[in-house]
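Below is structure_11.cif, holding mmCIF, C-alpha atoms.
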data_protein
loop_
_atom_site.label_atom_id
_atom_site.label_comp_id
_atom_site.auth_asym_id
_atom_site.auth_seq_id
_atom_site.Cartn_x
_atom_site.Cartn_y
_atom_site.Cartn_z
CA MET A 13 -0.75 -15.27 -7.21
CA SER A 14 -1.04 -17.80 -4.39
CA ASP A 15 0.94 -20.23 -6.56
CA VAL A 16 3.94 -17.90 -6.77
CA SER A 17 7.01 -19.39 -5.07
CA VAL A 18 9.73 -17.28 -3.52
CA GLU A 19 13.38 -18.26 -3.27
CA THR A 20 16.09 -16.42 -1.33
CA MET A 21 19.54 -16.58 -2.83
CA GLU A 22 22.80 -14.71 -3.25
CA PHE A 23 23.96 -13.05 -6.44
CA ALA A 24 27.53 -12.19 -7.32
CA ALA A 25 28.12 -8.54 -8.07
CA ARG A 26 30.48 -7.65 -10.89
CA ASP A 27 33.41 -7.68 -8.44
CA GLY A 28 32.31 -10.87 -6.70
CA PHE A 29 30.67 -9.20 -3.68
CA ARG A 30 27.74 -11.31 -2.48
CA LEU A 31 24.34 -9.63 -2.69
CA GLN A 32 21.23 -11.04 -1.09
CA GLY A 33 18.20 -11.30 -3.33
CA SER A 34 14.81 -12.93 -3.80
CA ILE A 35 13.36 -14.66 -6.85
CA PHE A 36 9.60 -14.78 -7.40
CA HIS A 37 8.83 -17.73 -9.66
CA PRO A 38 5.53 -17.94 -11.54
CA ALA A 39 3.61 -21.20 -11.37
CA GLY A 40 3.14 -21.50 -15.14
CA PRO A 41 4.98 -20.51 -18.32
CA VAL A 42 7.44 -17.63 -17.95
CA ARG A 43 6.96 -14.57 -20.18
CA SER A 44 10.17 -12.77 -19.14
CA THR A 45 12.60 -12.18 -16.30
CA VAL A 46 12.34 -8.82 -14.54
CA VAL A 47 15.12 -7.38 -12.36
CA VAL A 48 13.82 -4.76 -9.93
CA GLN A 49 16.46 -2.12 -9.18
CA SER A 50 15.66 -0.40 -5.90
CA GLY A 51 15.58 3.23 -4.93
CA MET A 52 18.11 4.67 -2.52
CA ALA A 53 17.91 3.36 1.05
CA VAL A 54 15.10 0.94 0.13
CA HIS A 55 15.13 -2.71 1.24
CA ARG A 56 14.13 -5.22 -1.42
CA ARG A 57 11.18 -6.40 0.70
CA PHE A 58 9.49 -3.09 -0.17
CA TYR A 59 8.95 -4.48 -3.68
CA ALA A 60 7.73 -7.94 -2.65
CA ALA A 61 4.01 -7.35 -3.28
CA PHE A 62 4.77 -5.80 -6.68
CA ALA A 63 7.05 -8.74 -7.52
CA ARG A 64 4.33 -11.22 -6.56
CA HIS A 65 1.88 -9.36 -8.77
CA LEU A 66 4.16 -9.60 -11.81
CA ALA A 67 4.98 -13.24 -11.04
CA GLY A 68 1.26 -13.92 -10.94
CA ARG A 69 1.16 -12.62 -14.50
CA GLY A 70 3.87 -14.99 -15.68
CA ARG A 71 7.04 -12.98 -15.08
CA ARG A 72 10.00 -14.25 -13.08
CA VAL A 73 11.01 -11.37 -10.81
CA VAL A 74 14.36 -10.78 -9.12
CA THR A 75 14.74 -8.30 -6.28
CA PHE A 76 18.03 -7.61 -4.51
CA ASP A 77 19.69 -5.36 -1.95
CA TYR A 78 22.57 -3.11 -2.97
CA ARG A 79 25.78 -3.60 -1.00
CA GLY A 80 25.46 -2.00 2.43
CA ILE A 81 21.65 -2.24 2.40
CA GLY A 82 19.27 -4.79 3.96
CA GLY A 83 20.44 -8.36 3.46
CA SER A 84 23.61 -7.15 1.72
CA ARG A 85 24.72 -5.09 4.71
CA PRO A 86 27.96 -6.14 6.41
CA VAL A 87 28.14 -6.66 10.16
CA ARG A 88 29.90 -3.31 10.50
CA LEU A 89 28.75 -0.48 8.24
CA LYS A 90 31.27 2.05 9.51
CA GLY A 91 34.14 2.28 7.02
CA PHE A 92 32.32 0.16 4.44
CA PRO A 93 33.74 1.40 1.09
CA ALA A 94 30.62 1.28 -1.14
CA THR A 95 29.71 4.23 -3.35
CA MET A 96 26.48 5.00 -5.16
CA LEU A 97 28.22 4.39 -8.46
CA ASP A 98 29.17 0.91 -7.19
CA TRP A 99 25.46 0.19 -6.85
CA ALA A 100 25.11 0.69 -10.61
CA ASP A 101 28.46 -0.48 -11.96
CA LEU A 102 28.90 -3.53 -9.76
CA ASP A 103 25.59 -4.51 -8.17
CA ALA A 104 22.81 -3.77 -10.67
CA TRP A 105 24.98 -4.80 -13.61
CA GLY A 106 26.04 -7.99 -11.83
CA VAL A 107 22.49 -9.06 -10.98
CA CYS A 108 21.38 -8.44 -14.58
CA ALA A 109 24.33 -10.53 -15.77
CA ALA A 110 23.38 -13.32 -13.36
CA ALA A 111 19.75 -13.26 -14.51
CA ALA A 112 20.75 -13.27 -18.17
CA GLY A 113 23.08 -16.21 -17.59
CA THR A 114 20.62 -18.22 -15.51
CA TRP A 115 17.60 -17.78 -17.81
CA PRO A 116 19.15 -17.07 -21.22
CA ASP A 117 15.99 -17.97 -23.16
CA GLU A 118 13.79 -15.43 -21.35
CA PRO A 119 13.63 -11.74 -22.36
CA LEU A 120 15.29 -9.65 -19.65
CA HIS A 121 13.54 -6.51 -18.40
CA VAL A 122 14.48 -3.98 -15.74
CA VAL A 123 12.09 -2.04 -13.55
CA GLY A 124 14.05 0.77 -11.92
CA HIS A 125 12.54 2.72 -9.03
CA SER A 126 14.01 6.19 -8.50
CA TYR A 127 17.80 5.66 -8.36
CA GLY A 128 17.24 2.20 -9.84
CA GLY A 129 16.19 3.83 -13.12
CA GLN A 130 19.21 6.12 -13.03
CA ALA A 131 21.45 3.13 -12.33
CA TYR A 132 20.34 1.44 -15.55
CA GLY A 133 21.58 4.42 -17.57
CA LEU A 134 24.86 4.47 -15.66
CA ALA A 135 25.51 0.74 -16.23
CA PRO A 136 23.25 -0.69 -18.94
CA HIS A 137 23.61 -4.44 -19.27
CA PRO A 138 23.54 -5.47 -22.96
CA ALA A 139 21.10 -8.35 -22.34
CA VAL A 140 18.30 -6.04 -21.18
CA VAL A 141 15.60 -5.64 -23.83
CA ARG A 142 13.47 -2.99 -22.06
CA MET A 143 13.68 -0.77 -18.99
CA VAL A 144 10.68 0.82 -17.30
CA GLY A 145 11.61 3.51 -14.80
CA ILE A 146 9.18 4.30 -11.99
CA ALA A 147 9.64 7.76 -10.44
CA ALA A 148 13.18 7.75 -11.90
CA GLN A 149 14.49 11.26 -12.22
CA SER A 150 17.38 13.66 -12.48
CA GLY A 151 18.47 14.81 -9.04
CA ASP A 152 19.24 18.33 -10.29
CA MET A 153 17.71 20.43 -7.51
CA ARG A 154 16.89 23.26 -9.92
CA LEU A 155 14.04 21.06 -11.19
CA PHE A 156 12.47 20.55 -7.76
CA ASP A 157 10.13 22.54 -5.59
CA ARG A 158 12.05 24.96 -3.39
CA ARG A 159 10.86 23.23 -0.24
CA VAL A 160 12.28 19.90 -1.38
CA ALA A 161 15.54 21.51 -2.50
CA ARG A 162 15.91 23.17 0.92
CA GLU A 163 15.20 19.84 2.63
CA VAL A 164 17.90 18.08 0.60
CA ARG A 165 20.41 20.87 1.21
CA TRP A 166 19.71 20.77 4.95
CA LEU A 167 20.17 17.01 5.10
CA THR A 168 23.30 16.82 2.96
CA ARG A 169 25.10 19.93 4.25
CA TYR A 170 24.27 19.90 7.94
CA VAL A 171 22.51 16.78 9.21
CA ALA A 172 24.43 14.09 7.31
CA PRO A 173 27.98 15.27 8.15
CA VAL A 174 27.19 15.28 11.87
CA ALA A 175 25.36 11.95 11.79
CA ILE A 176 28.10 10.26 9.77
CA ALA A 177 30.78 11.61 12.11
CA LEU A 178 28.91 10.19 15.09
CA VAL A 179 27.98 6.69 13.83
CA GLY A 180 30.07 6.16 10.69
CA HIS A 181 27.13 5.94 8.26
CA PHE A 182 23.96 7.84 7.45
CA PRO A 183 21.26 6.51 9.83
CA ALA A 184 18.31 6.93 7.50
CA GLY A 185 16.24 4.61 9.67
CA ARG A 186 16.30 7.24 12.39
CA ILE A 187 16.24 10.31 10.12
CA GLY A 188 13.29 10.29 7.79
CA GLY A 189 12.93 6.53 7.29
CA GLY A 190 14.50 3.92 5.05
CA GLU A 191 17.56 1.72 5.39
CA ASP A 192 20.84 2.99 6.82
CA VAL A 193 23.19 4.08 4.03
CA PRO A 194 27.00 3.72 3.79
CA ALA A 195 28.76 7.02 4.33
CA ARG A 196 30.40 7.22 0.90
CA VAL A 197 27.10 6.44 -0.82
CA TYR A 198 25.37 9.30 0.94
CA ARG A 199 28.22 11.72 0.40
CA GLN A 200 28.32 10.93 -3.31
CA TRP A 201 24.57 11.41 -3.63
CA GLY A 202 24.74 14.69 -1.73
CA GLY A 203 27.53 15.91 -3.98
CA TRP A 204 25.54 15.05 -7.09
CA CYS A 205 22.45 16.83 -5.76
CA ALA A 206 24.54 19.96 -5.15
CA THR A 207 25.90 19.89 -8.71
CA PRO A 208 24.02 21.48 -11.62
CA GLY A 209 23.09 18.61 -13.89
CA TYR A 210 23.32 16.06 -11.04
CA PHE A 211 25.83 13.30 -11.92
CA PHE A 212 26.02 14.62 -15.48
CA GLY A 213 27.83 17.58 -13.95
CA ASP A 214 30.41 15.32 -12.26
CA PRO A 215 33.22 14.76 -14.80
CA ALA A 216 34.48 11.72 -12.89
CA VAL A 217 31.25 9.81 -13.61
CA GLN A 218 31.30 10.25 -17.41
CA ALA A 219 27.53 9.87 -17.36
CA ARG A 220 26.97 11.05 -20.94
CA GLU A 221 29.18 8.29 -22.28
CA ARG A 222 27.48 5.71 -20.07
CA PHE A 223 23.94 6.67 -21.10
CA ALA A 224 25.00 6.66 -24.76
CA GLU A 225 25.65 2.91 -24.42
CA VAL A 226 21.96 2.16 -23.78
CA ARG A 227 20.55 -0.01 -26.56
CA ALA A 228 17.16 -1.01 -25.11
CA PRO A 229 13.94 1.06 -25.17
CA VAL A 230 13.44 3.07 -21.98
CA HIS A 231 10.02 4.16 -20.72
CA LEU A 232 9.91 6.46 -17.69
CA ILE A 233 6.71 6.77 -15.66
CA GLY A 234 6.27 9.71 -13.31
CA PHE A 235 3.37 10.91 -11.19
CA ASP A 236 1.86 14.36 -11.02
CA ASP A 237 1.93 14.43 -7.20
CA ASP A 238 5.51 13.19 -6.63
CA PRO A 239 7.63 15.83 -4.85
CA TYR A 240 10.81 13.75 -5.14
CA ALA A 241 10.47 12.99 -8.86
CA PRO A 242 8.54 15.93 -10.28
CA PRO A 243 7.59 15.71 -13.97
CA ALA A 244 10.36 18.13 -15.00
CA ALA A 245 12.99 15.91 -13.33
CA VAL A 246 11.59 12.74 -14.92
CA ARG A 247 11.68 14.38 -18.35
CA ALA A 248 15.21 15.64 -17.71
CA LEU A 249 16.44 12.10 -17.05
CA ALA A 250 14.63 10.79 -20.13
CA ALA A 251 16.37 13.42 -22.24
CA ARG A 252 19.74 11.91 -21.31
CA PHE A 253 18.95 8.54 -22.87
CA PRO A 254 19.35 8.11 -26.66
CA ALA A 255 16.40 10.05 -28.07
CA ALA A 256 15.14 7.27 -30.33
CA LEU A 257 14.83 4.90 -27.35
CA ALA A 258 13.31 7.08 -24.63
CA SER A 259 9.69 7.87 -23.81
CA VAL A 260 7.98 9.55 -20.85
CA GLU A 261 4.56 9.13 -19.31
CA ILE A 262 3.32 11.32 -16.45
CA MET A 263 0.39 9.59 -14.79
CA PRO A 264 -2.21 11.31 -12.59
CA ALA A 265 -2.39 10.10 -9.02
CA THR A 266 -6.03 9.22 -9.68
CA ILE A 267 -4.87 6.14 -11.60
CA VAL A 268 -4.94 4.31 -8.25
CA HIS A 269 -8.40 5.76 -7.49
CA ARG A 270 -7.65 6.53 -3.88
CA GLY A 271 -4.36 8.44 -4.32
CA PRO A 272 -2.02 10.02 -3.58
CA ILE A 273 0.92 8.12 -5.06
CA GLY A 274 3.89 10.36 -4.34
CA HIS A 275 7.32 8.76 -4.57
CA PHE A 276 6.75 5.48 -2.72
CA ASP A 277 3.09 4.50 -2.72
CA CYS A 278 3.46 3.26 -6.30
CA PHE A 279 4.59 0.00 -4.67
CA ARG A 280 2.09 -0.16 -1.81
CA ALA A 281 -0.14 -3.24 -1.74
CA GLY A 282 -3.83 -2.53 -1.47
CA LEU A 283 -3.44 0.74 -3.35
CA ALA A 284 -1.20 0.43 -6.40
CA GLU A 285 -2.45 -2.74 -8.10
CA PRO A 286 -4.12 -0.77 -10.94
CA LEU A 287 -0.74 0.87 -11.58
CA TRP A 288 1.06 -2.49 -11.49
CA ALA A 289 -1.19 -3.75 -14.25
CA GLU A 290 -0.17 -0.73 -16.33
CA ILE A 291 3.52 -1.37 -15.66
CA ASP A 292 3.08 -4.98 -16.77
CA ARG A 293 1.60 -3.73 -20.05
CA ARG A 294 4.48 -1.28 -20.55
CA LEU A 295 6.97 -4.14 -20.21
CA ALA A 296 5.35 -5.82 -23.25
#

Kindly return the structure encoded in the file as structure tokens.
Amino acid sequence: MSDVSVETMEFAARDGFRLQGSIFHPAGPVRSTVVVQSGMAVHRRFYAAFARHLAGRGRRVVTFDYRGIGGSRPVRLKGFPATMLDWADLDAWGVCAAAAGTWPDEPLHVVGHSYGGQAYGLAPHPAVVRMVGIAAQSGDMRLFDRRVAREVRWLTRYVAPVAIALVGHFPAGRIGGGEDVPARVYRQWGGWCATPGYFFGDPAVQARERFAEVRAPVHLIGFDDDPYAPPAAVRALAARFPAALASVEIMPATIVHRGPIGHFDCFRAGLAEPLWAEIDRRLA
């Protein structure tokens, strides 16, 4: 993996918005291109060790920041008009289109972490030949532990409105960790979490029609100790993809030997390498 080279570049979203990304180039022959679609409020650097691992196995890996996040954040986040649906429709789709156009002879895969797996179903690019979701789930709070559901309700109903009114965005970096999130993104996510069925219960999204357009096999991997993507929520998301294309695998946290995995440690260097090898095999 020491021979992996990393390039920073901009990608054009579907509407032309410039997104900052990184490309991890393998030293030898390329097996496929992999676009990593991030979770909510997660900077692309979080996936750098994972991307290096895959590049060391011959895969070209693209990571990027959604608009309003990390390197794709404007100077002023207050009033920035991004929505969570924009992250799928414009950003994830646009990066997949750029990857497909730049390396047309390489199979195109997506690895979607949490919302990144949901985003693939909302805006599936036709060039993708396989998607592996990691801790990707339905956000229907009826499928979660009551403690987690209460935590989400408290954040979205009480904490977020006050914080957004004060600073103009949701300051995730100061409230629970992660990147700051544009106000409309957080409000849309909070509304979906409060809706039975998550975004499938929001008629404006037309999520059923979007997921029906998926043509590539989808394999969702969950973990038995993940409070933010419990097995029931992972299976619920899988059930929304075309049945002939979707499969689910719930892995025990012991796969990394020193556990736990939870929702984020699946990408932690020094712990998750055994899991990364399994993900590489699932990409085929």

For this file, the PyMOL selection byres ((chain A and resi 240-254) around 6) selects which residues, as a PyMOL selection string?
-> chain A and resi 147+149-150+155+223+238-239+255-258

Can you turn the PyMOL selection byres ((chain A and resi 40) around 9) into a concrete residue list for this file, as a count of residues only?
-> 8

So which residues get picked by the PyMOL selection byres ((chain A and resi 211) around 10) here, written as a VMD selection string?
-> chain A and resid 97 130 134 150 to 152 200 to 201 203 to 210 212 to 220

For Phe92 of chain A, work out the shell of residues within 9 Å, counting all atoms listed in the file and skipping chain neighbours fewer than 2 positions away, then give it as number ranges by chain.
-> A: 80, 86, 88-90, 94, 180-181, 194-196

Got time to write the residues from that selection, C-alpha atoms, as a PDB file, in the coordinates of the input?
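Done, and the output landed in result_10.pdb:
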ATOM      1  CA  GLY A  80      25.460  -2.000   2.430  1.00  0.00           C
ATOM      2  CA  PRO A  86      27.960  -6.140   6.410  1.00  0.00           C
ATOM      3  CA  ARG A  88      29.900  -3.310  10.500  1.00  0.00           C
ATOM      4  CA  LEU A  89      28.750  -0.480   8.240  1.00  0.00           C
ATOM      5  CA  LYS A  90      31.270   2.050   9.510  1.00  0.00           C
ATOM      6  CA  ALA A  94      30.620   1.280  -1.140  1.00  0.00           C
ATOM      7  CA  GLY A 180      30.070   6.160  10.690  1.00  0.00           C
ATOM      8  CA  HIS A 181      27.130   5.940   8.260  1.00  0.00           C
ATOM      9  CA  PRO A 194      27.000   3.720   3.790  1.00  0.00           C
ATOM     10  CA  ALA A 195      28.760   7.020   4.330  1.00  0.00           C
ATOM     11  CA  ARG A 196      30.400   7.220   0.900  1.00  0.00           C
TER      12      ARG A 196
END

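Here atom CA of Trp288 of chain A is placed at a distance of 6.9 Å from atom CA of Phe62 of chain A.
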
Set up a box along x, y and z of the file covering all listed atoms of segment 96-101 of chain A, add 4 Å on every one of the six sides, and write the centre and edge lengths in Å to one decimal, as lines of an AutoDock Vina configuration file.
center_x = 27.1
center_y = 2.3
center_z = -8.6
size_x = 12.1
size_y = 13.5
size_z = 14.8

For Val179 of chain A, which residue out of A:Phe23, A:Leu167, A:Asp192, A:Gly202 is the nearest one, using only C-alpha atoms?
->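 For Val179 of chain A, the nearest of the candidates is A:Asp192.
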
Distance of atom CA of Val73 of chain A from atom CA of Val47 of chain A, expressed in Å to one decimal place =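 Separation of atom CA of Val47 of chain A and atom CA of Val73 of chain A: 5.9 Å.
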